[in-house]
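Visitor: Pasting final.cif here (mmCIF, C-alpha atoms):
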data_upload
#
loop_
_atom_site.group_PDB
_atom_site.id
_atom_site.type_symbol
_atom_site.label_atom_id
_atom_site.label_comp_id
_atom_site.auth_asym_id
_atom_site.auth_seq_id
_atom_site.Cartn_x
_atom_site.Cartn_y
_atom_site.Cartn_z
ATOM 1 C CA MET A 9 62.911 -208.188 -104.753
ATOM 2 C CA ASN A 10 62.491 -204.438 -105.205
ATOM 3 C CA GLN A 11 63.993 -202.561 -102.261
ATOM 4 C CA LYS A 12 60.754 -200.577 -102.038
ATOM 5 C CA ASN A 13 58.659 -203.726 -101.540
ATOM 6 C CA SER A 14 61.067 -205.822 -99.490
ATOM 7 C CA VAL A 15 60.224 -208.415 -96.851
ATOM 8 C CA LYS A 16 61.537 -205.917 -94.309
ATOM 9 C CA GLY A 17 58.946 -203.335 -95.382
ATOM 10 C CA ILE A 18 56.109 -205.880 -95.261
ATOM 11 C CA ILE A 19 57.101 -207.030 -91.757
ATOM 12 C CA PHE A 20 57.315 -203.480 -90.381
ATOM 13 C CA CYS A 21 53.951 -202.404 -91.878
ATOM 14 C CA LEU A 22 52.124 -205.540 -90.751
ATOM 15 C CA THR A 23 53.607 -205.225 -87.258
ATOM 16 C CA ALA A 24 52.219 -201.686 -87.012
ATOM 17 C CA ALA A 25 48.805 -202.882 -88.266
ATOM 18 C CA VAL A 26 48.659 -205.752 -85.749
ATOM 19 C CA VAL A 27 49.661 -203.532 -82.819
ATOM 20 C CA TRP A 28 47.174 -200.823 -83.767
ATOM 21 C CA GLY A 29 44.414 -203.377 -84.372
ATOM 22 C CA PHE A 30 44.780 -204.988 -80.952
ATOM 23 C CA ALA A 31 44.906 -201.514 -79.372
ATOM 24 C CA PHE A 32 41.125 -201.251 -79.882
ATOM 25 C CA ALA A 33 40.632 -204.121 -77.416
ATOM 26 C CA ALA A 34 43.047 -202.453 -75.005
ATOM 27 C CA GLN A 35 41.099 -199.185 -75.291
ATOM 28 C CA ALA A 36 37.837 -201.014 -74.587
ATOM 29 C CA LEU A 37 39.362 -202.530 -71.437
ATOM 30 C CA GLY A 38 40.752 -199.161 -70.390
ATOM 31 C CA ALA A 39 37.325 -197.557 -70.780
ATOM 32 C CA ASP A 40 36.022 -199.868 -68.035
ATOM 33 C CA HIS A 41 38.183 -198.058 -65.469
ATOM 34 C CA LEU A 42 39.002 -194.580 -66.785
ATOM 35 C CA GLU A 43 37.220 -191.771 -68.568
ATOM 36 C CA ALA A 44 38.433 -190.797 -72.021
ATOM 37 C CA PHE A 45 40.610 -187.756 -71.247
ATOM 38 C CA THR A 46 42.408 -189.464 -68.371
ATOM 39 C CA PHE A 47 43.069 -192.650 -70.343
ATOM 40 C CA ASN A 48 44.280 -190.795 -73.433
ATOM 41 C CA GLY A 49 46.391 -188.423 -71.370
ATOM 42 C CA ALA A 50 48.201 -191.341 -69.731
ATOM 43 C CA ARG A 51 48.762 -193.201 -73.017
ATOM 44 C CA PHE A 52 50.052 -190.145 -74.883
ATOM 45 C CA TRP A 53 52.459 -189.200 -72.097
ATOM 46 C CA LEU A 54 53.853 -192.714 -72.259
ATOM 47 C CA GLY A 55 53.952 -192.655 -76.050
ATOM 48 C CA ALA A 56 55.771 -189.330 -76.175
ATOM 49 C CA LEU A 57 58.335 -190.428 -73.601
ATOM 50 C CA ALA A 58 58.824 -193.751 -75.400
ATOM 51 C CA LEU A 59 59.723 -191.920 -78.611
ATOM 52 C CA ILE A 60 62.489 -189.826 -77.032
ATOM 53 C CA PRO A 61 65.139 -192.594 -77.270
ATOM 54 C CA VAL A 62 63.851 -193.534 -80.736
ATOM 55 C CA CYS A 63 64.373 -189.944 -81.932
ATOM 56 C CA LEU A 64 67.851 -189.871 -80.390
ATOM 57 C CA ILE A 65 68.763 -193.041 -82.291
ATOM 58 C CA PHE A 66 67.188 -192.439 -85.709
ATOM 59 C CA GLU A 67 67.204 -188.622 -85.969
ATOM 60 C CA LYS A 68 70.292 -187.661 -83.995
ATOM 61 C CA ASN A 69 71.807 -185.845 -86.989
ATOM 62 C CA GLY A 70 68.877 -183.527 -87.672
ATOM 63 C CA HIS A 71 70.108 -179.982 -86.984
ATOM 64 C CA ASP A 72 68.248 -177.928 -89.600
ATOM 65 C CA ALA A 73 66.691 -175.033 -87.635
ATOM 66 C CA LYS A 74 63.993 -174.261 -90.244
ATOM 67 C CA LYS A 75 62.993 -177.909 -90.515
ATOM 68 C CA THR A 76 62.931 -178.214 -86.718
ATOM 69 C CA LYS A 77 60.611 -175.182 -86.442
ATOM 70 C CA THR A 78 58.290 -176.634 -89.090
ATOM 71 C CA THR A 79 58.341 -179.968 -87.261
ATOM 72 C CA VAL A 80 57.221 -178.337 -84.006
ATOM 73 C CA ILE A 81 54.442 -176.303 -85.661
ATOM 74 C CA ALA A 82 53.202 -179.314 -87.639
ATOM 75 C CA GLY A 83 53.403 -181.502 -84.539
ATOM 76 C CA ILE A 84 51.277 -179.126 -82.486
ATOM 77 C CA CYS A 85 48.650 -178.838 -85.258
ATOM 78 C CA ALA A 86 48.541 -182.619 -85.701
ATOM 79 C CA GLY A 87 48.482 -183.072 -81.924
ATOM 80 C CA CYS A 88 45.300 -180.992 -81.690
ATOM 81 C CA ALA A 89 43.672 -183.168 -84.370
ATOM 82 C CA LEU A 90 44.952 -186.337 -82.696
ATOM 83 C CA PHE A 91 43.589 -185.167 -79.334
ATOM 84 C CA THR A 92 40.133 -184.627 -80.849
ATOM 85 C CA ALA A 93 40.080 -187.845 -82.876
ATOM 86 C CA SER A 94 41.335 -190.023 -80.013
ATOM 87 C CA TRP A 95 38.727 -188.572 -77.636
ATOM 88 C CA LEU A 96 35.931 -189.253 -80.123
ATOM 89 C CA GLN A 97 37.296 -192.754 -80.672
ATOM 90 C CA GLN A 98 37.627 -193.581 -76.971
ATOM 91 C CA VAL A 99 34.100 -192.381 -76.212
ATOM 92 C CA GLY A 100 32.785 -194.240 -79.284
ATOM 93 C CA ILE A 101 34.452 -197.494 -78.222
ATOM 94 C CA ASP A 102 33.005 -197.124 -74.728
ATOM 95 C CA LEU A 103 29.481 -196.463 -76.055
ATOM 96 C CA THR A 104 29.449 -199.199 -78.716
ATOM 97 C CA ASP A 105 31.348 -201.657 -76.500
ATOM 98 C CA SER A 106 32.819 -203.330 -79.596
ATOM 99 C CA ALA A 107 36.505 -203.143 -80.540
ATOM 100 C CA GLY A 108 35.944 -204.833 -83.910
ATOM 101 C CA LYS A 109 33.114 -202.542 -84.954
ATOM 102 C CA ALA A 110 35.084 -199.490 -83.806
ATOM 103 C CA GLY A 111 38.109 -200.596 -85.818
ATOM 104 C CA PHE A 112 36.210 -200.867 -89.099
ATOM 105 C CA ILE A 113 34.274 -197.614 -88.658
ATOM 106 C CA THR A 114 37.474 -195.767 -87.726
ATOM 107 C CA GLY A 115 39.115 -197.269 -90.816
ATOM 108 C CA LEU A 116 36.741 -195.214 -92.952
ATOM 109 C CA TYR A 117 39.239 -192.353 -92.616
ATOM 110 C CA MET A 118 41.258 -193.931 -95.439
ATOM 111 C CA ILE A 119 38.217 -193.490 -97.692
ATOM 112 C CA ILE A 120 37.417 -189.995 -96.407
ATOM 113 C CA VAL A 121 40.950 -188.670 -97.083
ATOM 114 C CA PRO A 122 40.673 -188.611 -100.913
ATOM 115 C CA ILE A 123 37.139 -187.178 -100.702
ATOM 116 C CA ILE A 124 38.309 -184.257 -98.545
ATOM 117 C CA GLY A 125 41.252 -183.941 -100.922
ATOM 118 C CA LEU A 126 38.762 -183.384 -103.740
ATOM 119 C CA LEU A 127 37.230 -180.461 -101.821
ATOM 120 C CA LEU A 128 40.750 -179.017 -101.572
ATOM 121 C CA GLY A 129 41.178 -179.161 -105.336
ATOM 122 C CA ARG A 130 42.949 -182.501 -105.702
ATOM 123 C CA LYS A 131 42.026 -185.082 -108.303
ATOM 124 C CA THR A 132 40.160 -188.124 -107.023
ATOM 125 C CA GLY A 133 39.961 -191.298 -109.091
ATOM 126 C CA MET A 134 36.812 -193.309 -109.736
ATOM 127 C CA GLN A 135 38.106 -196.074 -107.458
ATOM 128 C CA SER A 136 37.928 -193.665 -104.494
ATOM 129 C CA TRP A 137 34.226 -193.014 -105.148
ATOM 130 C CA ILE A 138 33.506 -196.732 -105.498
ATOM 131 C CA GLY A 139 35.465 -197.286 -102.288
ATOM 132 C CA ALA A 140 33.371 -194.626 -100.563
ATOM 133 C CA LEU A 141 30.157 -196.312 -101.768
ATOM 134 C CA LEU A 142 31.376 -199.662 -100.424
ATOM 135 C CA GLY A 143 32.297 -197.972 -97.142
ATOM 136 C CA VAL A 144 28.861 -196.390 -96.689
ATOM 137 C CA SER A 145 27.184 -199.698 -97.618
ATOM 138 C CA GLY A 146 29.356 -201.490 -95.080
ATOM 139 C CA LEU A 147 28.495 -198.953 -92.382
ATOM 140 C CA PHE A 148 24.792 -199.568 -93.100
ATOM 141 C CA PHE A 149 25.154 -203.327 -92.575
ATOM 142 C CA ILE A 150 27.250 -202.874 -89.417
ATOM 143 C CA CYS A 151 24.526 -200.662 -87.933
ATOM 144 C CA PHE A 152 21.641 -202.875 -89.120
ATOM 145 C CA ASP A 153 20.076 -205.098 -86.470
ATOM 146 C CA MET A 154 18.000 -208.100 -87.625
ATOM 147 C CA SER A 155 15.380 -207.532 -84.928
ATOM 148 C CA SER A 156 15.128 -203.730 -84.748
ATOM 149 C CA GLY A 157 16.337 -202.587 -88.176
ATOM 150 C CA LEU A 158 18.805 -199.733 -88.658
ATOM 151 C CA THR A 159 20.277 -198.704 -85.301
ATOM 152 C CA PHE A 160 22.746 -195.866 -85.831
ATOM 153 C CA THR A 161 23.735 -195.261 -82.216
ATOM 154 C CA LYS A 162 25.427 -192.345 -80.478
ATOM 155 C CA GLY A 163 28.606 -194.413 -80.301
ATOM 156 C CA ASP A 164 28.543 -194.951 -84.079
ATOM 157 C CA ILE A 165 28.215 -191.183 -84.602
ATOM 158 C CA PHE A 166 31.267 -190.590 -82.403
ATOM 159 C CA LEU A 167 33.277 -193.154 -84.381
ATOM 160 C CA VAL A 168 32.297 -191.686 -87.770
ATOM 161 C CA ALA A 169 33.261 -188.226 -86.474
ATOM 162 C CA CYS A 170 36.523 -189.769 -85.271
ATOM 163 C CA ALA A 171 37.193 -191.106 -88.796
ATOM 164 C CA VAL A 172 36.627 -187.623 -90.262
ATOM 165 C CA VAL A 173 39.074 -185.999 -87.821
ATOM 166 C CA PHE A 174 41.646 -188.758 -88.416
ATOM 167 C CA ALA A 175 41.333 -187.976 -92.138
ATOM 168 C CA LEU A 176 42.092 -184.314 -91.371
ATOM 169 C CA HIS A 177 45.038 -185.504 -89.280
ATOM 170 C CA ILE A 178 46.416 -187.384 -92.295
ATOM 171 C CA LEU A 179 45.996 -184.299 -94.487
ATOM 172 C CA ILE A 180 47.885 -182.176 -91.956
ATOM 173 C CA ILE A 181 50.794 -184.623 -92.164
ATOM 174 C CA ASP A 182 50.558 -184.590 -95.963
ATOM 175 C CA ARG A 183 50.570 -180.773 -95.981
ATOM 176 C CA PHE A 184 53.986 -180.589 -94.339
ATOM 177 C CA GLY A 185 55.359 -183.619 -96.205
ATOM 178 C CA ASP A 186 59.129 -183.873 -96.351
ATOM 179 C CA ASN A 187 59.707 -180.612 -94.486
ATOM 180 C CA ILE A 188 59.628 -182.276 -91.069
ATOM 181 C CA TYR A 189 61.602 -184.767 -89.019
ATOM 182 C CA SER A 190 59.072 -187.616 -88.939
ATOM 183 C CA LEU A 191 59.919 -189.127 -85.544
ATOM 184 C CA ARG A 192 60.288 -185.756 -83.810
ATOM 185 C CA PHE A 193 56.986 -184.793 -85.394
ATOM 186 C CA SER A 194 55.316 -187.894 -83.891
ATOM 187 C CA MET A 195 56.835 -187.164 -80.490
ATOM 188 C CA THR A 196 55.684 -183.518 -80.634
ATOM 189 C CA GLN A 197 52.114 -184.429 -81.561
ATOM 190 C CA PHE A 198 51.974 -186.946 -78.717
ATOM 191 C CA PHE A 199 53.227 -184.352 -76.220
ATOM 192 C CA ALA A 200 50.628 -181.863 -77.518
ATOM 193 C CA ALA A 201 47.828 -184.449 -77.256
ATOM 194 C CA ALA A 202 49.045 -185.468 -73.783
ATOM 195 C CA VAL A 203 48.962 -181.868 -72.498
ATOM 196 C CA LEU A 204 45.487 -181.201 -73.934
ATOM 197 C CA ASN A 205 44.085 -184.434 -72.493
ATOM 198 C CA THR A 206 45.609 -183.719 -69.088
ATOM 199 C CA VAL A 207 44.106 -180.224 -68.968
ATOM 200 C CA MET A 208 40.657 -181.521 -69.982
ATOM 201 C CA ALA A 209 40.870 -184.395 -67.488
ATOM 202 C CA LEU A 210 41.707 -181.993 -64.651
ATOM 203 C CA LEU A 211 38.804 -179.745 -65.653
ATOM 204 C CA PHE A 212 36.064 -182.265 -66.410
ATOM 205 C CA GLU A 213 36.947 -185.666 -64.957
ATOM 206 C CA GLU A 214 37.612 -187.147 -61.557
ATOM 207 C CA ILE A 215 41.057 -188.728 -61.742
ATOM 208 C CA ALA A 216 41.390 -191.745 -59.454
ATOM 209 C CA LEU A 217 44.725 -193.463 -58.909
ATOM 210 C CA SER A 218 42.907 -196.771 -58.422
ATOM 211 C CA GLY A 219 41.429 -196.486 -61.925
ATOM 212 C CA ILE A 220 44.846 -195.785 -63.433
ATOM 213 C CA VAL A 221 46.257 -198.857 -61.666
ATOM 214 C CA LEU A 222 43.378 -201.071 -62.876
ATOM 215 C CA ALA A 223 43.837 -199.774 -66.428
ATOM 216 C CA GLY A 224 47.613 -200.126 -66.169
ATOM 217 C CA ILE A 225 48.081 -202.845 -68.794
ATOM 218 C CA PRO A 226 45.842 -201.179 -71.434
ATOM 219 C CA ILE A 227 47.630 -197.855 -70.796
ATOM 220 C CA LEU A 228 51.054 -199.482 -71.145
ATOM 221 C CA TYR A 229 50.021 -201.259 -74.340
ATOM 222 C CA CYS A 230 48.439 -198.184 -75.944
ATOM 223 C CA GLY A 231 51.186 -195.886 -74.724
ATOM 224 C CA ILE A 232 54.304 -197.894 -75.519
ATOM 225 C CA MET A 233 53.241 -200.433 -78.155
ATOM 226 C CA SER A 234 50.604 -198.454 -80.055
ATOM 227 C CA THR A 235 52.731 -195.315 -80.218
ATOM 228 C CA GLY A 236 56.428 -195.899 -79.627
ATOM 229 C CA VAL A 237 56.630 -199.289 -81.348
ATOM 230 C CA ALA A 238 53.892 -199.077 -83.999
ATOM 231 C CA TYR A 239 54.705 -195.569 -85.227
ATOM 232 C CA THR A 240 58.385 -196.482 -85.492
ATOM 233 C CA CYS A 241 57.421 -199.598 -87.480
ATOM 234 C CA GLN A 242 55.206 -197.464 -89.720
ATOM 235 C CA THR A 243 58.062 -195.053 -90.422
ATOM 236 C CA LEU A 244 60.504 -197.863 -91.200
ATOM 237 C CA GLY A 245 57.884 -199.799 -93.171
ATOM 238 C CA GLN A 246 57.142 -196.842 -95.432
ATOM 239 C CA LYS A 247 60.878 -196.447 -95.993
ATOM 240 C CA TYR A 248 61.061 -199.915 -97.565
ATOM 241 C CA SER A 249 57.627 -200.019 -99.264
ATOM 242 C CA GLU A 250 55.850 -198.186 -102.058
ATOM 243 C CA PRO A 251 53.163 -195.799 -100.706
ATOM 244 C CA THR A 252 50.257 -197.862 -102.104
ATOM 245 C CA ALA A 253 51.642 -201.143 -100.749
ATOM 246 C CA ALA A 254 52.284 -199.561 -97.348
ATOM 247 C CA SER A 255 48.738 -198.101 -97.203
ATOM 248 C CA ILE A 256 47.152 -201.449 -98.020
ATOM 249 C CA LEU A 257 49.254 -203.287 -95.442
ATOM 250 C CA LEU A 258 48.524 -200.677 -92.759
ATOM 251 C CA SER A 259 44.789 -200.777 -93.558
ATOM 252 C CA THR A 260 44.644 -204.358 -92.251
ATOM 253 C CA GLU A 261 44.554 -202.665 -88.830
ATOM 254 C CA SER A 262 40.743 -202.890 -89.002
ATOM 255 C CA VAL A 263 40.877 -206.663 -89.561
ATOM 256 C CA PHE A 264 43.148 -207.127 -86.557
ATOM 257 C CA SER A 265 40.807 -204.989 -84.443
ATOM 258 C CA ALA A 266 38.073 -207.574 -85.078
ATOM 259 C CA ILE A 267 40.481 -210.428 -84.318
ATOM 260 C CA GLY A 268 41.580 -208.710 -81.103
ATOM 261 C CA GLY A 269 37.984 -208.107 -80.071
ATOM 262 C CA ALA A 270 37.127 -211.788 -80.627
ATOM 263 C CA LEU A 271 40.214 -213.195 -78.873
ATOM 264 C CA ILE A 272 40.503 -210.785 -75.946
ATOM 265 C CA LEU A 273 36.946 -209.548 -75.393
ATOM 266 C CA ASN A 274 35.077 -212.574 -76.765
ATOM 267 C CA GLU A 275 33.102 -210.289 -79.086
ATOM 268 C CA ARG A 276 30.679 -211.632 -81.662
ATOM 269 C CA MET A 277 28.829 -209.726 -84.347
ATOM 270 C CA GLN A 278 25.748 -210.536 -86.379
ATOM 271 C CA PRO A 279 26.309 -212.025 -89.870
ATOM 272 C CA LEU A 280 25.243 -208.775 -91.563
ATOM 273 C CA ALA A 281 27.795 -206.872 -89.457
ATOM 274 C CA TYR A 282 30.564 -209.157 -90.736
ATOM 275 C CA LEU A 283 29.339 -208.467 -94.270
ATOM 276 C CA GLY A 284 29.518 -204.757 -93.478
ATOM 277 C CA CYS A 285 33.090 -205.137 -92.198
ATOM 278 C CA GLY A 286 34.021 -206.911 -95.412
ATOM 279 C CA LEU A 287 32.514 -204.132 -97.547
ATOM 280 C CA ILE A 288 34.312 -201.427 -95.569
ATOM 281 C CA PHE A 289 37.614 -203.280 -95.858
ATOM 282 C CA ALA A 290 37.091 -203.715 -99.606
ATOM 283 C CA GLY A 291 36.335 -199.997 -99.878
ATOM 284 C CA ILE A 292 39.504 -199.134 -97.937
ATOM 285 C CA LEU A 293 41.635 -201.316 -100.200
ATOM 286 C CA LEU A 294 40.051 -199.962 -103.377
ATOM 287 C CA SER A 295 40.491 -196.344 -102.267
ATOM 288 C CA GLN A 296 44.228 -196.936 -101.792
ATOM 289 C CA ILE A 297 44.895 -198.548 -105.183
ATOM 290 C CA ARG A 298 46.143 -196.294 -107.945
ATOM 291 C CA PHE A 299 45.667 -197.731 -111.426
ATOM 292 C CA LYS A 300 48.154 -196.773 -114.138
ATOM 293 C CA THR A 301 46.677 -195.071 -117.173
ATOM 294 C CA LYS A 302 48.061 -194.908 -120.690
ATOM 295 C CA ALA A 303 49.382 -191.553 -121.817
#
Would you mind writing the file's structure down as structure tokens?

Guide:
Amino acid sequence: MNQKNSVKGIIFCLTAAVVWGFAFAAQALGADHLEAFTFNGARFWLGALALIPVCLIFEKNGHDAKKTKTTVIAGICAGCALFTASWLQQVGIDLTDSAGKAGFITGLYMIIVPIIGLLLGRKTGMQSWIGALLGVSGLFFICFDMSSGLTFTKGDIFLVACAVVFALHILIIDRFGDNIYSLRFSMTQFFAAAVLNTVMALLFEEIALSGIVLAGIPILYCGIMSTGVAYTCQTLGQKYSEPTAASILLSTESVFSAIGGALILNERMQPLAYLGCGLIFAGILLSQIRFKTKA
């Protein structure tokens, strides 16, 4: 088997997708006890701290001063985007009260990335436009209610906005590319997001210790598993997989969000919503495939 599509790479990428998918259910449970800034602040502090030993193990030999400076700058920029996207996502999950729905709408960022890339002067293949059409069609069916028709709620708007900001977050990472230490970059962006969330929580929310205790398990899962474990798996998975294969494997996150919502939260969606999820997932897959063309 090709080293770049090994079993090891598949396992790491799927592990990241499963952990991230089930994190939507954890976020929904956390929203029952904590407001968005407080919950995200706690999870990102945990995530940043969890990555410290990982960085010491996997990037202990990184001593390039220029690369370190770029890593810090990129991490802060990405942290600002991550702070915004995670807040929009947490509020959206709370308003829609559906982990599965939130997972598929958030997954639209993988379709939005090549479209924004086009605005920045990058070539976008026909499959990306077809994927976008499938994604929009899927969003329509997810938001369509058999009894009341199209119901595009405030929560849905927050989640679509979240997908757009996550797409910008991906483009920030792409902008700096190989000029950063990937794990230190992740740790820096988590610290930046943690600080911003803490400041906003102190300014606009009432932080109750009892709420943090009640949301303890969701915070631990999102903080340690969804960041420290999943991001490490993503990094290692991409090391052993081709970019397209890794993207497709990681995109199954949205499927696992629906599974997590059904198993943990006992969520059920209308048949048309499941059709919408299928269309969005098909659009995500299609947008990630790159067809070879003859010279």

Visitor: Looking at A:His177, A:Lys247, A:Arg51, A:Lys109, which one is nearest to Tyr282 in chain A, with distances taken over all atoms listed in the file?

Guide: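 Residue with the minimum atom-to-atom distance to Tyr282 in chain A: A:Lys109.
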
Visitor: Would you mind listing what lies within 12 Å of Lys131 in chain A as a list in words, with only C-alpha atoms counted and same-chain residues fewer than 6 positions away left out?

Guide: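 Listed by chain and then number, they are Val121, Pro122, Ile123, Ile124, Gly125, Trp137 and Arg298 of chain A.
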
Visitor: What does the structure give for the distance between CA of Phe166 in chain A and CA of Cys241 in chain A, in Å to one decimal?

Guide: 28.1 Å

Visitor: Of the candidates A:Leu293, A:Ala44, A:Met277, A:Ile180, which shows the shortest atom-to-atom distance to Asp153 in chain A, using only C-alpha atoms?

Guide: A:Met277

Visitor: Once the PyMOL selection byres ((chain A and resi 21) around 9) is applied to the coordinates I shared, what remains selected? I want it as a list in words.

Guide: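 For this structure, the PyMOL selection byres ((chain A and resi 21) around 9) resolves to Lys16, Gly17, Ile18, Ile19, Phe20, Leu22, Thr23, Ala24, Ala25, Val26, Ala238, Cys241, Gln242, Thr243, Leu244, Gly245, Gln246, Ser249, Ala254, Ser255, Leu257 and Leu258 of chain A.
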